[in-house]
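Below is query31.csv, which holds CSV, C-alpha atoms and all ligand atoms.
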```csv
chain,number,residue,atom,x,y,z
A,1,MET,CA,100.5,86.2,126.4
A,2,ASN,CA,101.5,83.6,123.8
A,3,PHE,CA,99.6,83.4,120.6
A,4,ASP,CA,98.0,80.0,121.5
A,5,THR,CA,96.4,81.6,124.5
A,6,LYS,CA,95.7,84.9,122.9
A,7,ILE,CA,93.6,83.2,120.3
A,8,LEU,CA,91.1,82.1,123.0
A,9,HIS,CA,91.3,85.0,125.5
A,10,SER,CA,92.5,88.3,124.1
A,11,TYR,CA,89.2,89.6,122.8
A,12,PRO,CA,85.5,89.4,123.9
A,13,VAL,CA,85.0,85.7,124.0
A,14,VAL,CA,82.0,85.8,126.4
A,15,ASP,CA,78.8,87.7,125.8
A,16,LEU,CA,78.7,90.7,128.1
A,17,GLU,CA,74.9,90.6,128.5
A,18,THR,CA,74.4,87.0,129.4
A,19,GLY,CA,77.8,85.4,130.0
A,20,ALA,CA,77.1,83.0,127.1
A,21,ALA,CA,80.4,81.2,126.3
A,22,SER,CA,79.8,81.7,122.6
A,23,ILE,CA,79.0,85.2,121.4
A,24,PRO,CA,75.4,85.0,120.2
A,25,LYS,CA,74.3,85.7,116.7
A,26,TYR,CA,72.6,89.1,117.0
A,27,GLN,CA,70.5,88.3,113.9
A,28,SER,CA,68.8,91.6,113.7
A,29,SER,CA,68.9,94.3,111.1
A,30,THR,CA,67.9,97.1,113.4
A,31,PHE,CA,67.8,98.0,117.1
A,32,HIS,CA,65.0,99.5,119.2
A,33,GLN,CA,65.9,103.0,120.4
A,34,LYS,CA,64.4,103.0,123.8
A,35,ASN,CA,65.7,106.5,124.8
A,36,PHE,CA,65.4,108.2,121.4
A,37,PRO,CA,66.7,110.8,120.6
A,38,GLU,CA,69.6,109.8,122.9
A,39,LYS,CA,72.5,108.1,121.0
A,40,GLN,CA,73.0,104.4,121.5
A,41,GLU,CA,75.8,102.0,120.3
A,42,TYR,CA,73.8,99.9,117.9
A,43,THR,CA,71.1,101.4,115.6
A,44,TYR,CA,71.3,99.5,112.3
A,45,THR,CA,73.4,96.5,111.4
A,46,ARG,CA,75.1,98.1,108.4
A,47,PHE,CA,76.5,100.7,110.9
A,48,GLY,CA,77.4,98.1,113.5
A,49,ASN,CA,76.3,94.8,115.1
A,50,PRO,CA,77.6,93.1,118.3
A,51,THR,CA,78.4,89.8,116.6
A,52,VAL,CA,80.3,91.5,113.8
A,53,ASP,CA,82.0,93.8,116.4
A,54,ALA,CA,83.3,90.8,118.3
A,55,ALA,CA,84.8,89.3,115.1
A,56,GLU,CA,86.5,92.6,114.3
A,57,LYS,CA,88.0,92.8,117.8
A,58,ALA,CA,89.2,89.2,117.5
A,59,VAL,CA,91.1,89.6,114.3
A,60,ALA,CA,92.5,93.0,115.4
A,61,ALA,CA,93.7,91.4,118.6
A,62,LEU,CA,95.5,88.6,116.7
A,63,GLU,CA,97.2,91.1,114.4
A,64,ASP,CA,98.2,93.2,117.5
A,65,ALA,CA,96.2,96.0,115.9
A,66,LYS,CA,94.1,98.6,117.5
A,67,TYR,CA,91.2,98.4,115.0
A,68,GLY,CA,89.6,95.8,112.8
A,69,VAL,CA,87.1,96.5,110.1
A,70,SER,CA,85.2,93.5,108.6
A,71,PHE,CA,83.8,93.1,105.1
A,72,SER,CA,81.6,90.8,103.1
A,73,SER,CA,84.7,89.2,101.4
A,74,GLY,CA,88.4,89.6,101.1
A,75,MET,CA,87.8,91.5,97.9
A,76,ALA,CA,85.5,93.9,99.7
A,77,ALA,CA,88.3,94.7,102.2
A,78,ILE,CA,90.7,95.2,99.3
A,79,THR,CA,88.2,97.4,97.5
A,80,ALA,CA,87.5,99.6,100.6
A,81,SER,CA,91.3,100.0,101.1
A,82,LEU,CA,92.1,100.9,97.5
A,83,LEU,CA,89.2,103.4,97.6
A,84,LEU,CA,91.3,105.4,100.1
A,85,LEU,CA,92.8,106.6,96.8
A,86,SER,CA,91.3,109.3,94.6
A,87,ALA,CA,91.2,110.0,90.9
A,88,GLY,CA,94.7,111.0,89.8
A,89,ASP,CA,96.5,108.9,92.4
A,90,HIS,CA,99.0,106.2,91.5
A,91,LEU,CA,99.9,103.0,93.4
A,92,VAL,CA,102.7,100.4,93.1
A,93,LEU,CA,102.1,96.7,93.6
A,94,GLY,CA,103.8,93.4,93.0
A,95,GLU,CA,103.3,91.7,89.7
A,96,ASN,CA,102.3,88.4,91.4
A,97,ILE,CA,99.2,89.9,92.9
A,98,TYR,CA,96.0,88.0,93.7
A,99,GLY,CA,93.9,87.7,90.5
A,100,GLY,CA,90.9,89.6,92.0
A,101,THR,CA,93.1,92.5,93.0
A,102,PHE,CA,94.5,92.6,89.5
A,103,GLN,CA,91.0,92.7,88.0
A,104,LEU,CA,89.8,95.4,90.5
A,105,LEU,CA,92.6,97.7,89.4
A,106,THR,CA,92.8,96.9,85.7
A,107,GLU,CA,89.0,96.8,85.0
A,108,LEU,CA,87.4,99.0,87.6
A,109,LEU,CA,89.6,101.5,89.3
A,110,SER,CA,91.4,102.3,86.0
A,111,ARG,CA,88.1,103.7,84.9
A,112,PHE,CA,88.3,106.2,87.7
A,113,GLU,CA,91.7,107.5,86.8
A,114,ILE,CA,93.6,105.5,89.4
A,115,THR,CA,96.9,104.4,87.8
A,116,TYR,CA,99.3,101.7,88.9
A,117,THR,CA,102.7,100.1,88.2
A,118,PHE,CA,103.4,96.4,88.7
A,119,VAL,CA,107.0,95.7,89.9
A,120,ASP,CA,109.1,92.6,90.7
A,121,GLU,CA,107.9,92.4,94.3
A,122,ARG,CA,111.1,90.7,95.5
A,123,ASN,CA,113.2,93.8,94.6
A,124,PRO,CA,112.8,96.7,97.0
A,125,LEU,CA,114.7,99.0,94.6
A,126,ALA,CA,112.0,98.3,92.0
A,127,TRP,CA,109.3,99.6,94.4
A,128,LYS,CA,111.4,102.7,95.0
A,129,GLN,CA,112.0,103.4,91.3
A,130,ALA,CA,108.3,103.0,90.5
A,131,ILE,CA,107.4,106.0,92.7
A,132,CYS,CA,105.9,108.9,90.7
A,133,PRO,CA,104.9,112.4,92.0
A,134,ASN,CA,101.3,111.2,92.4
A,135,THR,CA,102.1,107.8,94.0
A,136,LYS,CA,100.1,107.4,97.2
A,137,MET,CA,100.2,103.7,98.1
A,138,PHE,CA,102.3,100.5,98.0
A,139,TYR,CA,100.2,97.4,97.9
A,140,LEU,CA,102.0,94.1,99.1
A,141,GLU,CA,101.1,90.5,99.2
A,142,THR,CA,103.6,88.1,100.6
A,143,PRO,CA,104.1,85.2,100.0
A,144,SER,CA,102.4,85.7,96.7
A,145,ASN,CA,99.8,83.6,95.0
A,146,PRO,CA,100.4,81.0,93.5
A,147,LEU,CA,104.2,81.2,93.2
A,148,LEU,CA,105.0,82.0,96.8
A,149,THR,CA,107.5,84.8,96.0
A,150,VAL,CA,108.4,86.9,99.0
A,151,THR,CA,108.4,90.7,99.4
A,152,ASN,CA,110.7,92.3,102.0
A,153,ILE,CA,107.9,93.9,104.1
A,154,GLN,CA,110.2,96.0,106.3
A,155,GLU,CA,112.3,97.4,103.5
A,156,VAL,CA,109.4,98.2,101.2
A,157,CYS,CA,107.5,99.8,104.1
A,158,LYS,CA,110.5,101.9,104.9
A,159,ILE,CA,110.7,103.2,101.4
A,160,ALA,CA,107.0,104.0,101.6
A,161,LYS,CA,107.4,105.9,104.8
A,162,ALA,CA,110.3,107.9,103.5
A,163,ASN,CA,108.0,108.9,100.6
A,164,ASN,CA,104.9,109.5,102.6
A,165,LEU,CA,103.0,106.6,101.1
A,166,LEU,CA,100.4,104.3,102.6
A,167,THR,CA,101.3,100.6,102.7
A,168,VAL,CA,98.6,97.9,102.5
A,169,CYS,CA,99.6,94.3,103.0
A,170,ASP,CA,97.5,91.2,102.2
A,171,ASN,CA,98.4,88.7,104.9
A,172,THR,CA,96.0,86.0,103.9
A,173,PHE,CA,98.6,83.3,103.2
A,174,MET,CA,100.6,83.6,106.5
A,175,THR,CA,97.8,84.6,108.9
A,176,PRO,CA,98.7,86.5,112.1
A,177,TYR,CA,100.0,83.3,113.6
A,178,TYR,CA,103.0,83.4,111.3
A,179,GLN,CA,103.5,87.0,110.2
A,180,HIS,CA,102.7,90.5,111.5
A,181,PRO,CA,103.0,93.1,108.7
A,182,LEU,CA,101.8,95.9,111.0
A,183,THR,CA,104.8,95.5,113.3
A,184,LEU,CA,107.1,95.5,110.2
A,185,GLY,CA,105.7,98.9,109.1
A,186,ALA,CA,102.5,98.3,107.2
A,187,ASP,CA,99.6,100.7,107.7
A,188,ILE,CA,96.8,98.3,106.8
A,189,VAL,CA,96.7,94.5,106.8
A,190,ILE,CA,94.2,92.7,104.7
A,191,HIS,CA,92.7,89.2,105.2
A,192,SER,CA,90.5,87.1,103.1
A,193,ALA,CA,89.0,85.4,106.2
A,194,THR,CA,87.4,83.0,103.8
A,195,LYS,CA,90.7,81.1,103.9
A,196,PHE,CA,92.7,80.2,107.1
A,197,LEU,CA,91.0,82.5,109.6
A,198,GLY,CA,87.6,80.9,109.0
A,199,GLY,CA,89.3,77.7,108.1
A,200,HIS,CA,86.4,75.4,107.3
A,201,SER,CA,85.4,76.4,103.7
A,202,ASP,CA,82.0,77.5,105.0
A,203,LEU,CA,82.2,81.3,104.9
A,204,VAL,CA,83.2,84.3,102.8
A,205,MET,CA,84.5,87.3,104.7
A,206,GLY,CA,87.3,89.9,104.8
A,207,PHE,CA,89.1,92.2,107.2
A,208,ALA,CA,91.2,95.3,107.1
A,209,VAL,CA,93.1,96.0,110.4
A,210,THR,CA,95.1,99.1,111.3
A,211,ASN,CA,96.6,101.0,114.2
A,212,SER,CA,95.6,104.3,112.8
A,213,VAL,CA,92.4,105.9,114.0
A,214,VAL,CA,92.2,108.0,110.9
A,215,LEU,CA,92.5,105.0,108.5
A,216,LYS,CA,90.0,103.0,110.6
A,217,GLU,CA,87.4,105.8,110.3
A,218,LYS,CA,88.0,106.0,106.5
A,219,LEU,CA,87.7,102.2,106.1
A,220,TYR,CA,84.5,102.1,108.2
A,221,LYS,CA,83.1,104.9,106.1
A,222,ASN,CA,83.9,103.1,102.9
A,223,GLN,CA,82.4,99.8,104.3
A,224,LYS,CA,79.2,101.6,105.4
A,225,ILE,CA,78.7,103.6,102.2
A,226,ILE,CA,79.4,100.7,99.9
A,227,GLY,CA,77.4,98.4,102.1
A,228,SER,CA,80.1,95.7,102.1
A,229,ILE,CA,79.4,94.4,105.6
A,230,PRO,CA,79.7,90.7,106.4
A,231,GLY,CA,76.6,88.7,107.3
A,232,ILE,CA,76.0,88.0,111.0
A,233,GLU,CA,76.1,84.2,110.5
A,234,GLU,CA,79.5,84.6,108.8
A,235,ALA,CA,80.8,86.7,111.7
A,236,TRP,CA,79.7,84.0,114.1
A,237,LEU,CA,81.3,81.2,112.1
A,238,LEU,CA,84.5,83.2,111.8
A,239,LEU,CA,84.6,83.6,115.6
A,240,ARG,CA,84.1,79.8,116.0
A,241,GLY,CA,86.7,78.9,113.3
A,242,LEU,CA,89.3,81.3,114.6
A,243,LYS,CA,89.6,79.5,118.0
A,244,THR,CA,91.4,76.6,116.3
A,245,LEU,CA,93.6,78.7,114.0
A,246,THR,CA,96.8,77.7,115.7
A,247,VAL,CA,96.2,73.9,115.8
A,248,ARG,CA,95.0,74.0,112.3
A,249,MET,CA,98.0,76.0,111.0
A,250,LYS,CA,100.5,73.8,112.8
A,251,GLN,CA,99.2,70.6,111.3
A,252,ALA,CA,98.6,72.0,107.8
A,253,SER,CA,101.9,73.7,107.5
A,254,GLN,CA,103.8,70.7,108.8
A,255,ASN,CA,102.0,68.7,106.1
A,256,ALA,CA,103.0,71.3,103.5
A,257,LEU,CA,106.7,71.1,104.4
A,258,ILE,CA,106.7,67.3,104.3
A,259,LEU,CA,104.8,67.2,101.0
A,260,ALA,CA,107.0,69.9,99.4
A,261,GLU,CA,110.1,67.9,100.3
A,262,LYS,CA,108.6,64.7,98.9
A,263,LEU,CA,107.3,66.3,95.7
A,264,LEU,CA,110.8,67.5,95.0
A,265,THR,CA,112.0,63.9,94.7
A,266,LEU,CA,109.5,63.0,92.0
A,267,PRO,CA,110.8,62.9,88.4
A,268,ASP,CA,107.6,64.3,87.0
A,269,VAL,CA,107.8,67.4,89.2
A,270,LYS,CA,109.7,70.1,87.5
A,271,ALA,CA,109.7,72.6,90.4
A,272,VAL,CA,108.2,73.1,93.8
A,273,HIS,CA,107.4,76.5,95.1
A,274,TYR,CA,107.3,76.7,98.9
A,275,PRO,CA,109.0,79.3,101.0
A,276,GLY,CA,109.6,76.7,103.8
A,277,LEU,CA,112.0,74.9,101.5
A,278,GLU,CA,115.6,75.9,102.0
A,279,ASN,CA,116.1,75.9,98.2
A,280,HIS,CA,113.3,78.4,97.7
A,281,PRO,CA,115.1,81.6,96.4
A,282,ASP,CA,113.3,83.7,99.1
A,283,TYR,CA,113.7,81.3,102.0
A,284,SER,CA,116.0,83.5,104.1
A,285,GLN,CA,114.0,86.7,103.4
A,286,HIS,CA,110.8,84.9,104.3
A,287,PHE,CA,112.1,83.6,107.6
A,288,GLN,CA,113.3,87.1,108.5
A,289,GLN,CA,109.7,88.2,108.6
A,290,ALA,CA,107.6,85.1,109.1
A,291,SER,CA,107.9,82.1,111.4
A,292,ASN,CA,106.8,79.4,109.1
A,293,GLY,CA,106.5,78.5,105.4
A,294,GLY,CA,102.7,78.2,105.7
A,295,ALA,CA,100.3,75.7,104.4
A,296,VAL,CA,100.2,76.6,100.6
A,297,LEU,CA,102.6,75.3,98.0
A,298,SER,CA,102.6,75.1,94.3
A,299,PHE,CA,104.4,72.8,91.9
A,300,GLU,CA,105.0,72.4,88.2
A,301,LEU,CA,104.5,69.2,86.3
A,302,LYS,CA,106.2,68.5,82.9
A,303,THR,CA,103.0,68.2,80.8
A,304,GLU,CA,99.4,69.2,80.8
A,305,GLN,CA,98.5,65.6,80.6
A,306,GLN,CA,100.1,64.9,83.9
A,307,VAL,CA,98.2,67.8,85.4
A,308,GLN,CA,94.9,66.4,84.0
A,309,ARG,CA,95.7,62.9,85.4
A,310,LEU,CA,96.5,64.4,88.8
A,311,PHE,CA,93.2,66.3,89.0
A,312,GLN,CA,91.2,63.3,87.7
A,313,GLN,CA,92.8,60.7,90.0
A,314,VAL,CA,93.4,62.4,93.3
A,315,LYS,CA,90.9,61.2,95.9
A,316,ILE,CA,91.6,63.1,99.2
A,317,PRO,CA,92.1,66.8,98.3
A,318,ILE,CA,89.0,68.4,96.9
A,319,VAL,CA,89.5,70.0,93.5
A,320,ALA,CA,88.4,73.6,94.0
A,321,VAL,CA,89.0,77.3,94.0
A,322,SER,CA,90.1,78.6,97.4
A,323,LEU,CA,92.6,77.6,100.1
A,324,GLY,CA,92.9,77.5,103.9
A,325,GLY,CA,90.3,74.9,104.7
A,326,VAL,CA,90.8,72.0,107.1
A,327,GLU,CA,90.6,69.7,104.0
A,328,SER,CA,93.3,69.8,101.4
A,329,ILE,CA,92.4,71.8,98.3
A,330,LEU,CA,94.0,71.3,94.9
A,331,SER,CA,93.6,74.2,92.5
A,332,TYR,CA,94.5,75.0,89.0
A,333,PRO,CA,95.5,78.7,88.9
A,334,TRP,CA,95.5,78.7,85.0
A,335,THR,CA,91.7,78.4,84.9
A,336,MET,CA,90.7,79.2,88.5
A,337,SER,CA,92.3,82.0,90.5
A,338,HIS,CA,94.0,83.6,87.5
A,339,ALA,CA,91.3,83.1,84.9
A,340,CYS,CA,90.5,86.8,84.9
A,341,MET,CA,93.9,87.6,83.5
A,342,SER,CA,94.7,87.4,79.8
A,343,GLU,CA,96.8,84.4,78.7
A,344,GLU,CA,99.7,86.8,78.1
A,345,ASP,CA,99.5,88.3,81.6
A,346,ARG,CA,99.2,84.8,83.1
A,347,LEU,CA,102.3,83.6,81.3
A,348,LYS,CA,104.1,86.7,82.2
A,349,ALA,CA,103.3,86.0,85.8
A,350,ALA,CA,104.7,82.4,85.3
A,351,VAL,CA,101.2,81.0,85.9
A,352,THR,CA,101.4,78.3,83.2
A,353,PRO,CA,99.1,75.4,82.3
A,354,ASN,CA,101.4,73.0,84.1
A,355,LEU,CA,101.2,74.7,87.5
A,356,VAL,CA,99.2,73.2,90.4
A,357,ARG,CA,98.5,74.8,93.8
A,358,LEU,CA,98.0,72.7,96.9
A,359,SER,CA,96.5,74.1,100.1
A,360,CYS,CA,97.4,71.5,102.7
A,361,GLY,CA,94.7,70.5,105.1
A,362,ILE,CA,95.0,68.7,108.4
A,363,GLU,CA,94.7,65.1,107.1
A,364,ASP,CA,97.2,62.5,107.9
A,365,VAL,CA,100.3,63.4,105.8
A,366,ASP,CA,101.0,59.8,104.8
A,367,ASP,CA,97.5,59.4,103.4
A,368,LEU,CA,97.9,62.6,101.5
A,369,TRP,CA,101.3,61.7,100.1
A,370,LEU,CA,100.2,58.2,99.0
A,371,ASP,CA,97.2,59.7,97.3
A,372,ILE,CA,99.1,62.4,95.4
A,373,GLN,CA,101.9,60.0,94.5
A,374,LEU,CA,99.5,57.4,93.1
A,375,ALA,CA,97.6,60.1,91.2
A,376,LEU,CA,100.8,61.4,89.6
A,377,GLU,CA,102.0,58.0,88.7
A,378,GLY,CA,98.7,57.4,87.1
A,379,GLY,CA,98.6,53.7,88.1
A,380,GLU,CA,97.0,51.6,90.7
A,381,ASN,CA,94.7,54.1,92.4
A,382,GLU,CA,91.4,52.2,92.4
A,383,GLU,CA,88.1,54.0,91.8
A,384,ASN,CA,86.8,55.4,95.1
B,401,LIG,C1,91.1,84.6,98.3
B,401,LIG,C2,92.0,85.7,98.4
B,401,LIG,C3,91.5,87.0,98.3
B,401,LIG,C4,90.1,87.4,98.1
B,401,LIG,O1,89.3,87.0,99.1
B,401,LIG,P1,87.7,86.7,99.0
B,401,LIG,O2,87.3,86.3,100.4
B,401,LIG,O3,87.6,85.5,98.0
B,401,LIG,O4,87.1,87.9,98.4
B,401,LIG,C5,92.5,88.1,98.4
B,401,LIG,N1,93.8,87.8,98.6
B,401,LIG,C6,94.3,86.6,98.7
B,401,LIG,C7,95.7,86.3,98.9
B,401,LIG,C8,93.4,85.5,98.6
B,401,LIG,O5,93.9,84.2,98.7
```

What is this file in structure tokens?
Ligand SMILES: *Cc1c(COP(=O)(O)O)cnc(C)c1O
Amino acid sequence: MNFDTKILHSYPVVDLETGAASIPKYQSSTFHQKNFPEKQEYTYTRFGNPTVDAAEKAVAALEDAKYGVSFSSGMAAITASLLLLSAGDHLVLGENIYGGTFQLLTELLSRFEITYTFVDERNPLAWKQAICPNTKMFYLETPSNPLLTVTNIQEVCKIAKANNLLTVCDNTFMTPYYQHPLTLGADIVIHSATKFLGGHSDLVMGFAVTNSVVLKEKLYKNQKIIGSIPGIEEAWLLLRGLKTLTVRMKQASQNALILAEKLLTLPDVKAVHYPGLENHPDYSQHFQQASNGGAVLSFELKTEQQVQRLFQQVKIPIVAVSLGGVESILSYPWTMSHACMSEEDRLKAAVTPNLVRLSCGIEDVDDLWLDIQLALEGGENEEN
């Protein structure tokens, strides 16, 4: 079955009880146990809920995974996965990691004697060399945020396997439409469903998917004990948003490629970071493991004044934290996604005050380009 069909038919899309064409919101915290003390499937929503189950099956199906576990946010999914580690364990991760993941490690897990090494994610050898006797996990995110550097998933997972390490891969930017880390060797795939999977900037939710029954059980246990389950409304919205993932991704990533190419031609633009551009240093590696450059790009302007002018004058993209919505979203990593890092760490990660991130929406690309171009040139753009 092709992905465009899978997305509508490869998981429970119809309510088994009633035939309803939309899985109902089972908005209930608890379930009557008619035949108590006999066991029944649903007893309490923190332990399981039919709407949430459907969402888990959906995301698992799209990742070609056996199991999906859902969470109250992407960060909750990442937390439950990193809590597979114990005190004394070490993990290796790319230096261009999502700001929240960085903070989770450096400010919270570090207090519980979990240690880590950041490496140049593009260099598989660096991952290998960072392995210590107590290393238990590699944590990948590709392409990275916000510079869109690429990690060789297959090679890094191979090194992990040879050393008996777990690999966790954040696939938020690519979505299962464009990239399948599990088939490339990852043990767990993470999603912030807040982004492209939901797609409408109206929910916060996360997933961890896996083919391992042991890992699935452990992730469920963490989710249940921590209580980081998603809301029922969110699970329902996710199911609704997911059905249009392919059409949204096609349009948004087509817009991203066109805008990336056009931005390159502007004299005020110092650099464009987009793995769909042939001049991106990781272009060939990216296309060995993914089928598209995706919908997110970032670019560097020459001065902070230009950045300010862009944010003040742009009319179509919303100026916001987040990405992956149907509307274009312009973000400023320096004070938004990476604000939790020290200035020094941000600069080390090449997140400078001149860097802008654009998550392309599904608007008309000519309108988007005209808007951005006018805002950058700082001229004509009349007030609303
Ligand atoms: C947004 C994001 C997260 C965190 O997800 P939340 O749903 O905001 O908790 C993790 N990883 C990546 C790559 C993200 O973009």

By how many Å are atom CA of A:Ser110 and atom CA of A:Trp334 apart?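 Between atom CA of A:Ser110 and atom CA of A:Trp334 the gap is 24.0 Å.
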
Please extract the residues at most 10 Å from ligand LIG 401 (chain B), counting all atoms listed in the file, and provide them as JSON, numbers by chain, using the chain letters and residue numbers of this document. {"A": [71, 72, 73, 74, 75, 76, 77, 78, 79, 97, 98, 99, 100, 101, 141, 142, 143, 144, 145, 146, 169, 170, 171, 172, 173, 174, 190, 191, 192, 193, 194, 195, 196, 203, 204, 205, 206, 207, 321, 322, 323, 324, 337]}

If you count all atoms listed in the file, which residues fall within 9 Å of A:Pro124, apart from same-chain ones fewer than 3 positions away, as a PyMOL selection string? chain A and resi 120-121+127-129+151-152+155-156+159

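Take the candidates A:Val13, A:Leu147, A:Leu62, A:Val326 and check each one against A:Thr210 using all atoms listed in the file; the shortest distance goes to A:Leu62.
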
Tell me which of A:Ser284, A:Pro333, A:Asp366, A:Gly199 sits closest to A:Arg346, counting all atoms listed in the file.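 So, comparing all the options, the nearest one is A:Pro333.
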
Find, counting only C-alpha atoms, the residue in A:Pro24, A:Gly293, A:Gly378, A:Gly231 that gets nearest to A:Val307.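 Closest to A:Val307, using only C-alpha atoms: A:Gly378.
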
Have a look at atom CA of A:Ile23 and atom CA of A:Met1 and let me know their distance in Å, one decimal.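 Going from atom CA of A:Ile23 over to atom CA of A:Met1, I get 22.1 Å.
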
Just give me the gap between atom CA of A:Ser86 and atom CA of A:Phe112 in Å, one decimal is fine.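 Computing the Euclidean distance for atom CA of A:Ser86 and atom CA of A:Phe112 yields 8.1 Å.
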
Between A:Leu330, A:Ala256, A:Val168, A:Val351, which one has atoms that come closest to A:Asp364, using all atoms listed in the file?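 Ranked by minimum distance to A:Asp364, first place goes to A:Ala256.
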
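Closest approach to A:Arg240 among A:Leu166, A:Val92, A:Ala54, A:Ala295 is made by A:Ala54 (distances from all atoms listed in the file).
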
Anything within 6 Å of (103.8, 97.7, 99.2): list those residues as number ranges by chain, counting all atoms listed in the file and sticking to the file's coordinates. A: 93, 138-140, 156, 167

What would the list of residues within 12 Å of (105.1, 67.1, 104.9) (file frame) look like as a PyMOL selection string, if all atoms listed in the file are what count? chain A and resi 250-264+274+276-277+293-297+360-370

So that I can see what lies close to A:Val213, please list as number ranges by chain the residues with an atom at most 10 Å from it, counting only C-alpha atoms and leaving out residues fewer than 6 positions away in the same chain. A: 66-67, 219

Quick one: residues within 7 Å of A:Ala235, all atoms listed in the file counted, chain neighbours fewer than 5 positions away excluded, as a PDB file with C-alpha atoms, in the frame of the given file?
```pdb
ATOM      1  CA  THR A  51      78.400  89.800 116.600  1.00  0.00           C
ATOM      2  CA  VAL A  52      80.300  91.500 113.800  1.00  0.00           C
ATOM      3  CA  ALA A  55      84.800  89.300 115.100  1.00  0.00           C
ATOM      4  CA  PRO A 230      79.700  90.700 106.400  1.00  0.00           C
TER       5      PRO A 230
END
```

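Closest to A:Ile114 among A:Thr30, A:Asn134, A:Asn96, A:Gln40 is A:Asn134, based on all atoms listed in the file.
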